[in-house]
$ cat entry03.txt   # compact mmCIF, C-alpha atoms
# COMPACT_ATOMS: atom_id res chain seq x y z
CA MET A 1 -23.15 -51.67 65.08
CA ALA A 2 -23.26 -52.70 61.46
CA ARG A 3 -20.07 -54.32 60.22
CA PHE A 4 -20.62 -53.52 56.57
CA ARG A 5 -21.79 -50.55 54.57
CA PRO A 6 -23.36 -50.33 51.12
CA GLY A 7 -20.68 -50.74 48.45
CA ASP A 8 -18.34 -52.79 50.65
CA ARG A 9 -16.88 -55.79 48.87
CA VAL A 10 -17.58 -58.97 50.80
CA ARG A 11 -16.90 -62.63 50.39
CA VAL A 12 -19.38 -65.27 51.43
CA LEU A 13 -17.66 -67.89 53.56
CA PRO A 14 -17.12 -71.17 51.72
CA ASP A 15 -17.87 -73.30 54.79
CA VAL A 16 -19.76 -76.53 54.33
CA VAL A 17 -21.80 -77.23 57.44
CA ASP A 18 -24.56 -79.70 58.06
CA THR A 19 -26.51 -77.57 60.51
CA HIS A 20 -29.40 -75.29 59.58
CA HIS A 21 -28.34 -72.16 57.74
CA ARG A 22 -29.69 -69.95 55.00
CA THR A 23 -26.65 -69.51 52.78
CA PRO A 24 -27.17 -71.37 49.51
CA ALA A 25 -24.17 -73.28 48.13
CA TYR A 26 -24.08 -71.34 44.86
CA VAL A 27 -22.94 -68.13 46.59
CA LYS A 28 -20.50 -69.74 49.03
CA GLY A 29 -16.94 -68.54 48.45
CA ARG A 30 -18.15 -65.89 45.99
CA THR A 31 -17.37 -62.19 46.21
CA GLY A 32 -20.04 -59.53 45.89
CA ARG A 33 -20.97 -56.10 47.22
CA VAL A 34 -23.21 -54.96 50.01
CA HIS A 35 -26.31 -53.58 48.29
CA ALA A 36 -28.10 -52.50 51.47
CA PRO A 37 -28.54 -53.59 55.07
CA SER A 38 -31.73 -55.62 55.48
CA GLY A 39 -32.13 -55.16 59.24
CA SER A 40 -31.40 -57.45 62.16
CA PHE A 41 -33.28 -60.59 63.00
CA HIS A 42 -33.35 -63.45 65.46
CA ASP A 43 -30.56 -65.79 64.40
CA PRO A 44 -32.17 -68.66 62.48
CA GLU A 45 -29.12 -70.87 63.04
CA ASP A 46 -29.84 -70.76 66.78
CA ARG A 47 -33.62 -70.75 66.59
CA ALA A 48 -33.56 -73.90 64.47
CA TYR A 49 -32.37 -75.81 67.55
CA GLY A 50 -34.69 -74.29 70.11
CA GLY A 51 -32.49 -71.31 70.98
CA SER A 52 -33.73 -67.79 71.53
CA GLY A 53 -32.01 -66.45 68.41
CA LEU A 54 -30.48 -63.70 70.52
CA PRO A 55 -28.47 -61.62 70.07
CA LYS A 56 -30.05 -60.64 66.80
CA ARG A 57 -27.85 -60.83 63.73
CA ASP A 58 -27.50 -58.32 60.93
CA LEU A 59 -28.76 -59.37 57.55
CA TYR A 60 -27.38 -57.82 54.37
CA LEU A 61 -28.67 -57.76 50.84
CA ILE A 62 -25.61 -58.78 48.83
CA GLU A 63 -25.24 -58.06 45.15
CA PHE A 64 -23.39 -60.29 42.69
CA ASP A 65 -22.75 -59.72 39.00
CA MET A 66 -24.40 -62.57 37.14
CA GLN A 67 -21.40 -62.75 34.80
CA SER A 68 -19.02 -63.26 37.71
CA LEU A 69 -21.35 -65.79 39.33
CA TRP A 70 -21.96 -67.99 36.29
CA GLY A 71 -19.32 -67.00 33.75
CA PRO A 72 -19.92 -67.06 30.01
CA ARG A 73 -22.80 -69.49 30.28
CA TYR A 74 -24.93 -66.71 31.71
CA GLY A 75 -27.08 -65.70 28.77
CA GLY A 76 -28.10 -62.21 29.71
CA GLY A 77 -27.02 -58.62 29.98
CA GLU A 78 -23.69 -57.61 31.50
CA GLU A 79 -25.44 -55.47 34.07
CA ASP A 80 -27.67 -58.29 35.32
CA LYS A 81 -27.36 -59.01 39.02
CA LEU A 82 -28.33 -61.41 41.72
CA LEU A 83 -29.40 -59.99 45.08
CA ILE A 84 -29.58 -62.23 48.12
CA ASP A 85 -29.97 -61.74 51.86
CA ILE A 86 -26.98 -63.16 53.76
CA TYR A 87 -26.34 -63.13 57.50
CA GLU A 88 -23.30 -61.27 58.84
CA GLN A 89 -21.67 -64.41 60.23
CA TRP A 90 -21.37 -65.68 56.64
CA LEU A 91 -19.61 -62.56 55.35
CA GLU A 92 -16.02 -61.39 55.49
CA PRO A 93 -14.45 -58.22 54.05
CA ALA A 94 -13.00 -58.73 50.59
CA GLY A 95 -11.04 -55.50 50.25
CA ASN A 96 -12.52 -52.11 49.62
CA PRO A 97 -12.71 -50.16 46.38
CA ALA A 98 -9.61 -48.17 45.59
CA GLY A 99 -9.10 -45.05 47.62
CA ARG A 100 -11.24 -45.99 50.55
CA GLN A 101 -9.79 -46.62 53.95
CA ASP A 102 -11.69 -48.14 56.81
CA MET B 103 -72.86 -88.12 64.39
CA GLY B 104 -73.54 -91.69 65.38
CA ALA B 105 -71.49 -92.35 68.47
CA ASP B 106 -73.57 -95.34 69.48
CA HIS B 107 -72.05 -97.95 67.17
CA ASP B 108 -69.37 -100.40 68.18
CA HIS B 109 -66.01 -100.73 66.55
CA GLY B 110 -66.16 -104.40 65.69
CA GLY B 111 -67.69 -103.76 62.28
CA ASP B 112 -66.14 -103.44 58.91
CA HIS B 113 -67.09 -99.84 58.25
CA HIS B 114 -64.77 -96.88 57.83
CA HIS B 115 -64.56 -93.67 59.71
CA PRO B 116 -64.14 -91.39 56.71
CA GLY B 117 -61.76 -88.90 58.29
CA LEU B 118 -59.59 -91.51 59.93
CA ALA B 119 -59.19 -93.74 56.91
CA GLU B 120 -58.13 -90.81 54.74
CA ASP B 121 -55.63 -89.57 57.29
CA LEU B 122 -53.91 -92.94 57.40
CA SER B 123 -53.41 -92.80 53.66
CA LEU B 124 -51.68 -89.42 53.88
CA GLY B 125 -48.08 -89.26 52.80
CA GLU B 126 -45.21 -89.42 55.23
CA PRO B 127 -44.52 -85.63 55.31
CA ALA B 128 -48.18 -84.83 55.99
CA ARG B 129 -48.40 -87.37 58.80
CA ARG B 130 -45.16 -86.13 60.32
CA LEU B 131 -46.50 -82.58 60.18
CA MET B 132 -49.72 -83.59 61.92
CA ALA B 133 -47.78 -85.41 64.62
CA MET B 134 -45.59 -82.36 65.17
CA GLU B 135 -48.59 -80.07 65.39
CA GLU B 136 -50.23 -82.38 67.94
CA LEU B 137 -47.05 -82.43 70.00
CA LEU B 138 -46.71 -78.65 69.94
CA VAL B 139 -50.28 -78.25 71.11
CA GLU B 140 -49.84 -80.96 73.77
CA LYS B 141 -46.71 -79.27 75.12
CA GLY B 142 -48.44 -75.92 75.13
CA VAL B 143 -46.07 -74.32 72.62
CA ILE B 144 -48.96 -73.28 70.43
CA GLY B 145 -52.68 -73.02 71.04
CA ALA B 146 -55.01 -75.66 69.65
CA ASP B 147 -56.41 -73.38 66.97
CA GLU B 148 -53.32 -71.28 66.32
CA VAL B 149 -52.27 -73.04 63.12
CA ARG B 150 -55.79 -72.83 61.76
CA ARG B 151 -56.04 -69.13 62.60
CA VAL B 152 -52.77 -68.31 60.84
CA MET B 153 -53.86 -70.38 57.83
CA ASP B 154 -57.13 -68.44 57.77
CA VAL B 155 -55.24 -65.16 57.70
CA ILE B 156 -53.09 -66.35 54.79
CA ALA B 157 -56.02 -67.84 52.89
CA ALA B 158 -57.92 -64.56 53.26
CA ARG B 159 -55.21 -62.81 51.23
CA SER B 160 -54.81 -62.97 47.49
CA PRO B 161 -52.85 -61.26 44.71
CA VAL B 162 -55.74 -58.77 44.51
CA ASP B 163 -54.46 -57.30 47.78
CA GLY B 164 -51.05 -56.81 46.20
CA ALA B 165 -52.73 -55.34 43.12
CA ARG B 166 -54.54 -52.77 45.27
CA VAL B 167 -51.25 -51.71 46.83
CA VAL B 168 -49.63 -51.42 43.39
CA ALA B 169 -52.49 -49.40 41.91
CA ARG B 170 -52.34 -46.99 44.83
CA ALA B 171 -48.58 -46.60 44.33
CA TRP B 172 -49.15 -45.85 40.63
CA MET B 173 -51.74 -43.22 41.49
CA ASP B 174 -49.93 -41.58 44.38
CA PRO B 175 -46.16 -40.95 44.11
CA ALA B 176 -45.88 -40.01 47.78
CA PHE B 177 -47.49 -43.31 48.76
CA LYS B 178 -45.09 -45.13 46.43
CA LEU B 179 -42.11 -43.59 48.22
CA ARG B 180 -43.51 -44.62 51.59
CA LEU B 181 -44.19 -48.12 50.25
CA LEU B 182 -40.58 -48.53 49.11
CA GLU B 183 -39.15 -47.02 52.32
CA ASP B 184 -41.40 -48.60 54.91
CA PRO B 185 -43.81 -51.15 53.42
CA ARG B 186 -45.28 -52.09 56.78
CA ALA B 187 -46.41 -48.54 57.55
CA ALA B 188 -47.64 -47.98 53.99
CA LEU B 189 -49.72 -51.16 54.11
CA ALA B 190 -51.17 -50.16 57.46
CA GLU B 191 -52.41 -46.95 55.78
CA LEU B 192 -54.46 -49.12 53.42
CA GLY B 193 -55.87 -51.08 56.32
CA TYR B 194 -53.76 -54.22 55.94
CA PRO B 195 -52.99 -55.62 59.36
CA VAL B 196 -49.38 -55.86 60.34
CA VAL B 197 -48.60 -59.55 60.54
CA SER B 198 -45.78 -60.39 62.86
CA GLY B 199 -42.87 -62.48 61.69
CA SER B 200 -41.27 -61.76 58.39
CA LYS B 201 -40.85 -58.29 56.93
CA LEU B 202 -42.10 -57.24 53.54
CA ALA B 203 -39.77 -55.51 51.10
CA VAL B 204 -40.92 -53.92 47.85
CA VAL B 205 -38.66 -53.59 44.81
CA GLU B 206 -39.60 -51.30 41.95
CA ASN B 207 -39.42 -52.12 38.27
CA THR B 208 -38.60 -49.20 36.02
CA GLU B 209 -37.83 -48.60 32.39
CA ASN B 210 -34.23 -49.70 33.00
CA LEU B 211 -34.58 -52.21 35.80
CA HIS B 212 -36.53 -55.45 36.11
CA HIS B 213 -36.75 -57.50 39.32
CA LEU B 214 -37.58 -61.18 39.52
CA VAL B 215 -38.18 -62.87 42.89
CA VAL B 216 -37.31 -66.47 43.77
CA CYS B 217 -36.55 -68.46 46.90
CA THR B 218 -33.91 -71.04 46.02
CA LEU B 219 -33.82 -72.59 49.50
CA CYS B 220 -37.54 -73.18 49.95
CA SER B 221 -40.59 -71.14 48.99
CA CYS B 222 -40.41 -67.81 50.83
CA TYR B 223 -43.11 -65.53 49.47
CA PRO B 224 -45.01 -62.50 50.80
CA THR B 225 -47.91 -64.69 51.92
CA SER B 226 -49.14 -62.16 54.46
CA LEU B 227 -50.06 -59.85 51.60
CA LEU B 228 -50.48 -62.09 48.54
CA GLY B 229 -51.77 -65.31 50.04
CA PRO B 230 -50.18 -68.70 49.32
CA PRO B 231 -47.61 -68.86 46.50
CA PRO B 232 -48.45 -70.50 43.17
CA ASP B 233 -47.27 -74.10 42.81
CA TRP B 234 -44.68 -73.27 40.16
CA TYR B 235 -43.01 -70.86 42.59
CA LYS B 236 -42.27 -73.84 44.85
CA SER B 237 -41.13 -76.11 42.03
CA PHE B 238 -37.53 -77.26 41.84
CA ALA B 239 -37.36 -76.15 38.21
CA TYR B 240 -38.28 -72.54 38.93
CA ARG B 241 -36.13 -72.30 42.05
CA SER B 242 -33.03 -73.65 40.37
CA ARG B 243 -33.39 -71.96 36.98
CA ALA B 244 -34.51 -68.46 38.00
CA VAL B 245 -31.06 -67.59 39.36
CA VAL B 246 -29.07 -69.05 36.44
CA ASP B 247 -31.26 -68.18 33.49
CA PRO B 248 -33.79 -65.55 34.58
CA ARG B 249 -34.31 -64.18 31.09
CA GLY B 250 -35.02 -67.66 29.73
CA VAL B 251 -37.47 -68.37 32.55
CA MET B 252 -39.27 -65.07 31.98
CA ARG B 253 -39.42 -65.80 28.25
CA GLU B 254 -41.19 -69.07 29.05
CA PHE B 255 -43.72 -67.07 31.05
CA GLY B 256 -44.18 -64.87 27.97
CA LEU B 257 -42.11 -61.93 29.12
CA GLU B 258 -39.27 -60.68 26.96
CA VAL B 259 -37.01 -58.29 28.86
CA GLY B 260 -34.95 -56.04 26.59
CA GLU B 261 -31.15 -56.37 26.51
CA ALA B 262 -30.76 -52.77 27.69
CA VAL B 263 -32.80 -53.49 30.82
CA GLU B 264 -30.86 -54.65 33.88
CA VAL B 265 -32.33 -57.80 35.40
CA ARG B 266 -32.05 -58.19 39.15
CA VAL B 267 -32.96 -61.56 40.55
CA VAL B 268 -33.81 -61.38 44.24
CA ASP B 269 -33.19 -64.67 46.03
CA SER B 270 -35.35 -64.31 49.10
CA ALA B 271 -34.84 -65.93 52.50
CA ALA B 272 -37.34 -66.23 55.29
CA ASP B 273 -36.84 -62.94 57.09
CA LEU B 274 -37.57 -60.57 54.22
CA ARG B 275 -40.27 -61.33 51.69
CA TYR B 276 -40.03 -59.47 48.41
CA MET B 277 -42.86 -58.13 46.28
CA VAL B 278 -42.27 -56.51 42.92
CA LEU B 279 -43.85 -53.14 42.18
CA PRO B 280 -44.35 -53.56 38.43
CA ARG B 281 -44.18 -50.74 35.91
CA ARG B 282 -47.40 -48.99 35.12
CA PRO B 283 -48.42 -49.92 31.57
CA GLU B 284 -48.41 -47.22 28.94
CA GLY B 285 -51.75 -45.85 27.92
CA THR B 286 -53.21 -46.05 31.42
CA GLU B 287 -53.06 -42.33 32.15
CA GLY B 288 -56.36 -41.12 33.47
CA MET B 289 -57.59 -44.61 34.40
CA ALA B 290 -59.41 -45.01 37.69
CA GLU B 291 -57.60 -46.79 40.52
CA GLU B 292 -60.10 -49.68 40.54
CA ASP B 293 -59.48 -50.26 36.83
CA LEU B 294 -55.73 -50.25 37.38
CA VAL B 295 -56.12 -52.91 40.08
CA ALA B 296 -57.60 -55.24 37.45
CA LEU B 297 -54.46 -54.91 35.30
CA VAL B 298 -52.05 -56.14 37.99
CA THR B 299 -51.46 -59.88 37.67
CA ARG B 300 -50.00 -62.19 40.28
CA ASP B 301 -47.12 -62.99 37.92
CA SER B 302 -46.24 -59.29 37.70
CA LEU B 303 -45.93 -59.16 41.51
CA VAL B 304 -43.24 -61.86 41.33
CA GLY B 305 -41.64 -60.39 38.22
CA VAL B 306 -42.23 -63.27 35.78
CA GLY B 307 -44.84 -61.21 33.99
CA ALA B 308 -45.89 -57.65 33.29
CA PRO B 309 -49.26 -56.13 34.14
CA ASN B 310 -51.95 -56.53 31.52
CA GLN B 311 -52.39 -53.86 28.91
CA PRO B 312 -55.64 -51.91 29.15
CA ALA B 313 -58.33 -53.01 26.73
CA VAL B 314 -58.44 -50.74 23.74
CA ASN B 315 -61.82 -49.12 23.44
CA SER B 316 -62.92 -46.03 21.65
$ encode --input "entry03.txt" --output "structure tokens"
Amino acid sequence: MARFRPGDRVRVLPDVVDTHHRTPAYVKGRTGRVHAPSGSFHDPEDRAYGGSGLPKRDLYLIEFDMQSLWGPRYGGGEEDKLLIDIYEQWLEPAGNPAGRQD
Amino acid sequence: MGADHDHGGDHHHPGLAEDLSLGEPARRLMAMEELLVEKGVIGADEVRRVMDVIAARSPVDGARVVARAWMDPAFKLRLLEDPRAALAELGYPVVSGSKLAVVENTENLHHLVVCTLCSCYPTSLLGPPPDWYKSFAYRSRAVVDPRGVMREFGLEVGEAVEVRVVDSAADLRYMVLPRRPEGTEGMAEEDLVALVTRDSLVGVGAPNQPAVNS
């Protein structure tokens, strides 16, 4: 069962860990939106250490506004975005758009 | 091969001498591969076979897929919805492992693909990535200053166009479906294939313009 739906606001966990993971530092602690689910895959954080990677984990394509990610030093359009695949265990709800109840 | 000489001499075994001069990462990789084979995790020729599959692919394969999508709107929809099935229609074998995703550039939207963590790339369709794709400079700058990076590649993206940088991880590999150049109406599919550059499949470039002939 997918935890997040397109449009949901999510925050990437700020955790600093020294084990294998695929969440780059520049999006840690940042808030974005779910663009689309990317499917479920064997968990790379388990597979990296010889595990089966099961149960599979949901991967989400998360969308960030470039302006909110980099601030004024971003030299591009206001609509520009960064999309990145992030595993569910790195995401937490960040409050939903007004008027929506979950 | 002369196996009847002794080893007291001062000659070199070409292969061996070169291997010893390999860098640390390459030697570590070879040792790991030997171990994996020895422990039966992979077959002796498995790495070579996978490398053959990758080396047999090139950006021309991606260009063929793009040209077909330009010619056939129904195929384009299938390609965006379910790339694996669409590629199978064109006879490209389904390679296990990572999934391919296709993102479409339009008049108002331009995608650029990068892998900041390593060098994830749709190798199963496009072959090995170009060296610059793996460079630290590209990986670090594409997410912060995509328009500047594209400008250095010779591509100016208009202010009114939304740029979407896709930072790819290992499980999904992204290919850009570039915009069909103007003035290509009525061109044959094979001629369209020739316009699609590797750079346009990553988003740092646009397809070539058709040669003007009268």
$ atom_distance --input "entry03.txt" --atom1 "atom CA of Ser38 of chain A" --atom2 "atom CA of Val216 of chain B"
16.9 Å
$ residues_near_point --input "entry03.txt" --point "(-17.7, -64.8, 45.8)" --cutoff "8 Å" --atoms "all atoms listed in the file" --output "list of chain:residue names"
A:Val10, A:Arg11, A:Val12, A:Val27, A:Lys28, A:Gly29, A:Arg30, A:Thr31, A:Gly32, A:Phe64, A:Leu69
$ write_last_selection --input "entry03.txt" --atoms "C-alpha atoms" --output "PDB file, keeping the file's coordinate frame"
ATOM      1  CA  VAL A  10     -17.580 -58.970  50.800  1.00  0.00           C
ATOM      2  CA  ARG A  11     -16.900 -62.630  50.390  1.00  0.00           C
ATOM      3  CA  VAL A  12     -19.380 -65.270  51.430  1.00  0.00           C
ATOM      4  CA  VAL A  27     -22.940 -68.130  46.590  1.00  0.00           C
ATOM      5  CA  LYS A  28     -20.500 -69.740  49.030  1.00  0.00           C
ATOM      6  CA  GLY A  29     -16.940 -68.540  48.450  1.00  0.00           C
ATOM      7  CA  ARG A  30     -18.150 -65.890  45.990  1.00  0.00           C
ATOM      8  CA  THR A  31     -17.370 -62.190  46.210  1.00  0.00           C
ATOM      9  CA  GLY A  32     -20.040 -59.530  45.890  1.00  0.00           C
ATOM     10  CA  PHE A  64     -23.390 -60.290  42.690  1.00  0.00           C
ATOM     11  CA  LEU A  69     -21.350 -65.790  39.330  1.00  0.00           C
TER      12      LEU A  69
END
$ residues_around --input "entry03.txt" --residues "Met252 of chain B" --least-positions-apart "3" --cutoff "12 Å" --atoms "all atoms listed in the file" --output "list in words"
Gly76 of chain A; His212, His213, Leu214, Val215, Tyr240, Arg243, Ala244, Val245, Val246, Asp247, Pro248, Arg249, Phe255, Gly256, Leu257, Glu258, Val259, Gly260, Val265, Val267, Asp301, Ser302, Val304, Gly305, Val306, Gly307 and Ala308 of chain B
$ interface_residues --input "entry03.txt" --of "chain B" --to "chain A" --cutoff "6 Å" --atoms "all atoms listed in the file" --output "PyMOL selection string"
chain B and resi 261+264-269
$ closest_residue --input "entry03.txt" --among "B:Trp234, B:Tyr194, B:Phe177, B:Trp172" --to "Thr208 of chain B" --atoms "all atoms listed in the file"
B:Trp172
$ residues_around --input "entry03.txt" --residues "Leu131 of chain B" --least-positions-apart "6" --cutoff "12 Å" --atoms "all atoms listed in the file" --output "PyMOL selection string"
chain B and resi 121+124-125+137-138+149
$ closest_residue --input "entry03.txt" --among "A:His20, A:Ala94, A:Asp8, A:Leu13" --to "Ala48 of chain A" --atoms "only C-alpha atoms"
A:His20
$ atom_distance --input "entry03.txt" --atom1 "atom CA of Val251 of chain B" --atom2 "atom CA of Lys178 of chain B"
28.1 Å
$ atom_distance --input "entry03.txt" --atom1 "atom CA of Ser221 of chain B" --atom2 "atom CA of Lys236 of chain B"
5.2 Å
$ residues_near_point --input "entry03.txt" --point "(-31.7, -58.7, 66.9)" --cutoff "8 Å" --atoms "only C-alpha atoms" --output "list in words"
Ser40, Phe41, His42, Asp43, Gly53, Leu54, Pro55, Lys56, Arg57 and Asp58 of chain A
$ write_last_selection --input "entry03.txt" --atoms "C-alpha atoms" --output "PDB file, keeping the file's coordinate frame"
ATOM      1  CA  SER A  40     -31.400 -57.450  62.160  1.00  0.00           C
ATOM      2  CA  PHE A  41     -33.280 -60.590  63.000  1.00  0.00           C
ATOM      3  CA  HIS A  42     -33.350 -63.450  65.460  1.00  0.00           C
ATOM      4  CA  ASP A  43     -30.560 -65.790  64.400  1.00  0.00           C
ATOM      5  CA  GLY A  53     -32.010 -66.450  68.410  1.00  0.00           C
ATOM      6  CA  LEU A  54     -30.480 -63.700  70.520  1.00  0.00           C
ATOM      7  CA  PRO A  55     -28.470 -61.620  70.070  1.00  0.00           C
ATOM      8  CA  LYS A  56     -30.050 -60.640  66.800  1.00  0.00           C
ATOM      9  CA  ARG A  57     -27.850 -60.830  63.730  1.00  0.00           C
ATOM     10  CA  ASP A  58     -27.500 -58.320  60.930  1.00  0.00           C
TER      11      ASP A  58
END
$ residues_around --input "entry03.txt" --residues "Arg166 of chain B" --least-positions-apart "3" --cutoff "10 Å" --atoms "all atoms listed in the file" --output "JSON, numbers by chain"
{"B": [161, 162, 163, 169, 170, 171, 172, 192, 291, 292, 294, 295, 296, 298]}
$ build_atoms --input "entry03.txt" --residues "segment 290-307 of chain B" --atoms "N, CA and C atoms" --output "JSON list (two decimals), keeping the file's coordinate frame"
[["chain", "number", "residue", "atom", "x", "y", "z"],
["B", 290, "ALA", "N", -59.03, -45.02, 36.27],
["B", 290, "ALA", "CA", -59.41, -45.01, 37.69],
["B", 290, "ALA", "C", -58.62, -46.09, 38.44],
["B", 291, "GLU", "N", -58.40, -45.85, 39.72],
["B", 291, "GLU", "CA", -57.60, -46.79, 40.52],
["B", 291, "GLU", "C", -58.17, -48.21, 40.47],
["B", 292, "GLU", "N", -59.48, -48.34, 40.56],
["B", 292, "GLU", "CA", -60.10, -49.68, 40.54],
["B", 292, "GLU", "C", -59.80, -50.40, 39.23],
["B", 293, "ASP", "N", -59.77, -49.64, 38.13],
["B", 293, "ASP", "CA", -59.48, -50.26, 36.83],
["B", 293, "ASP", "C", -58.02, -50.67, 36.73],
["B", 294, "LEU", "N", -57.16, -49.89, 37.37],
["B", 294, "LEU", "CA", -55.73, -50.25, 37.38],
["B", 294, "LEU", "C", -55.52, -51.54, 38.16],
["B", 295, "VAL", "N", -56.26, -51.71, 39.26],
["B", 295, "VAL", "CA", -56.12, -52.91, 40.08],
["B", 295, "VAL", "C", -56.30, -54.15, 39.21],
["B", 296, "ALA", "N", -57.28, -54.07, 38.28],
["B", 296, "ALA", "CA", -57.60, -55.24, 37.45],
["B", 296, "ALA", "C", -56.46, -55.58, 36.48],
["B", 297, "LEU", "N", -55.56, -54.66, 36.23],
["B", 297, "LEU", "CA", -54.46, -54.91, 35.30],
["B", 297, "LEU", "C", -53.30, -55.65, 35.95],
["B", 298, "VAL", "N", -53.22, -55.59, 37.28],
["B", 298, "VAL", "CA", -52.05, -56.14, 37.99],
["B", 298, "VAL", "C", -52.23, -57.64, 38.20],
["B", 299, "THR", "N", -51.37, -58.42, 37.56],
["B", 299, "THR", "CA", -51.46, -59.88, 37.67],
["B", 299, "THR", "C", -50.56, -60.38, 38.80],
["B", 300, "ARG", "N", -50.85, -61.57, 39.27],
["B", 300, "ARG", "CA", -50.00, -62.19, 40.28],
["B", 300, "ARG", "C", -48.57, -62.36, 39.76],
["B", 301, "ASP", "N", -48.46, -62.79, 38.50],
["B", 301, "ASP", "CA", -47.12, -62.99, 37.92],
["B", 301, "ASP", "C", -46.30, -61.70, 37.93],
["B", 302, "SER", "N", -46.99, -60.56, 37.74],
["B", 302, "SER", "CA", -46.24, -59.29, 37.70],
["B", 302, "SER", "C", -45.74, -58.91, 39.09],
["B", 303, "LEU", "N", -46.36, -59.46, 40.14],
["B", 303, "LEU", "CA", -45.93, -59.16, 41.51],
["B", 303, "LEU", "C", -44.70, -59.98, 41.90],
["B", 304, "VAL", "N", -44.43, -61.04, 41.12],
["B", 304, "VAL", "CA", -43.24, -61.86, 41.33],
["B", 304, "VAL", "C", -42.16, -61.47, 40.32],
["B", 305, "GLY", "N", -42.58, -60.85, 39.22],
["B", 305, "GLY", "CA", -41.64, -60.39, 38.22],
["B", 305, "GLY", "C", -41.53, -61.30, 37.00],
["B", 306, "VAL", "N", -42.29, -62.40, 36.96],
["B", 306, "VAL", "CA", -42.23, -63.27, 35.78],
["B", 306, "VAL", "C", -43.16, -62.77, 34.68],
["B", 307, "GLY", "N", -43.93, -61.76, 34.99],
["B", 307, "GLY", "CA", -44.84, -61.21, 33.99],
["B", 307, "GLY", "C", -44.91, -59.71, 34.13]]
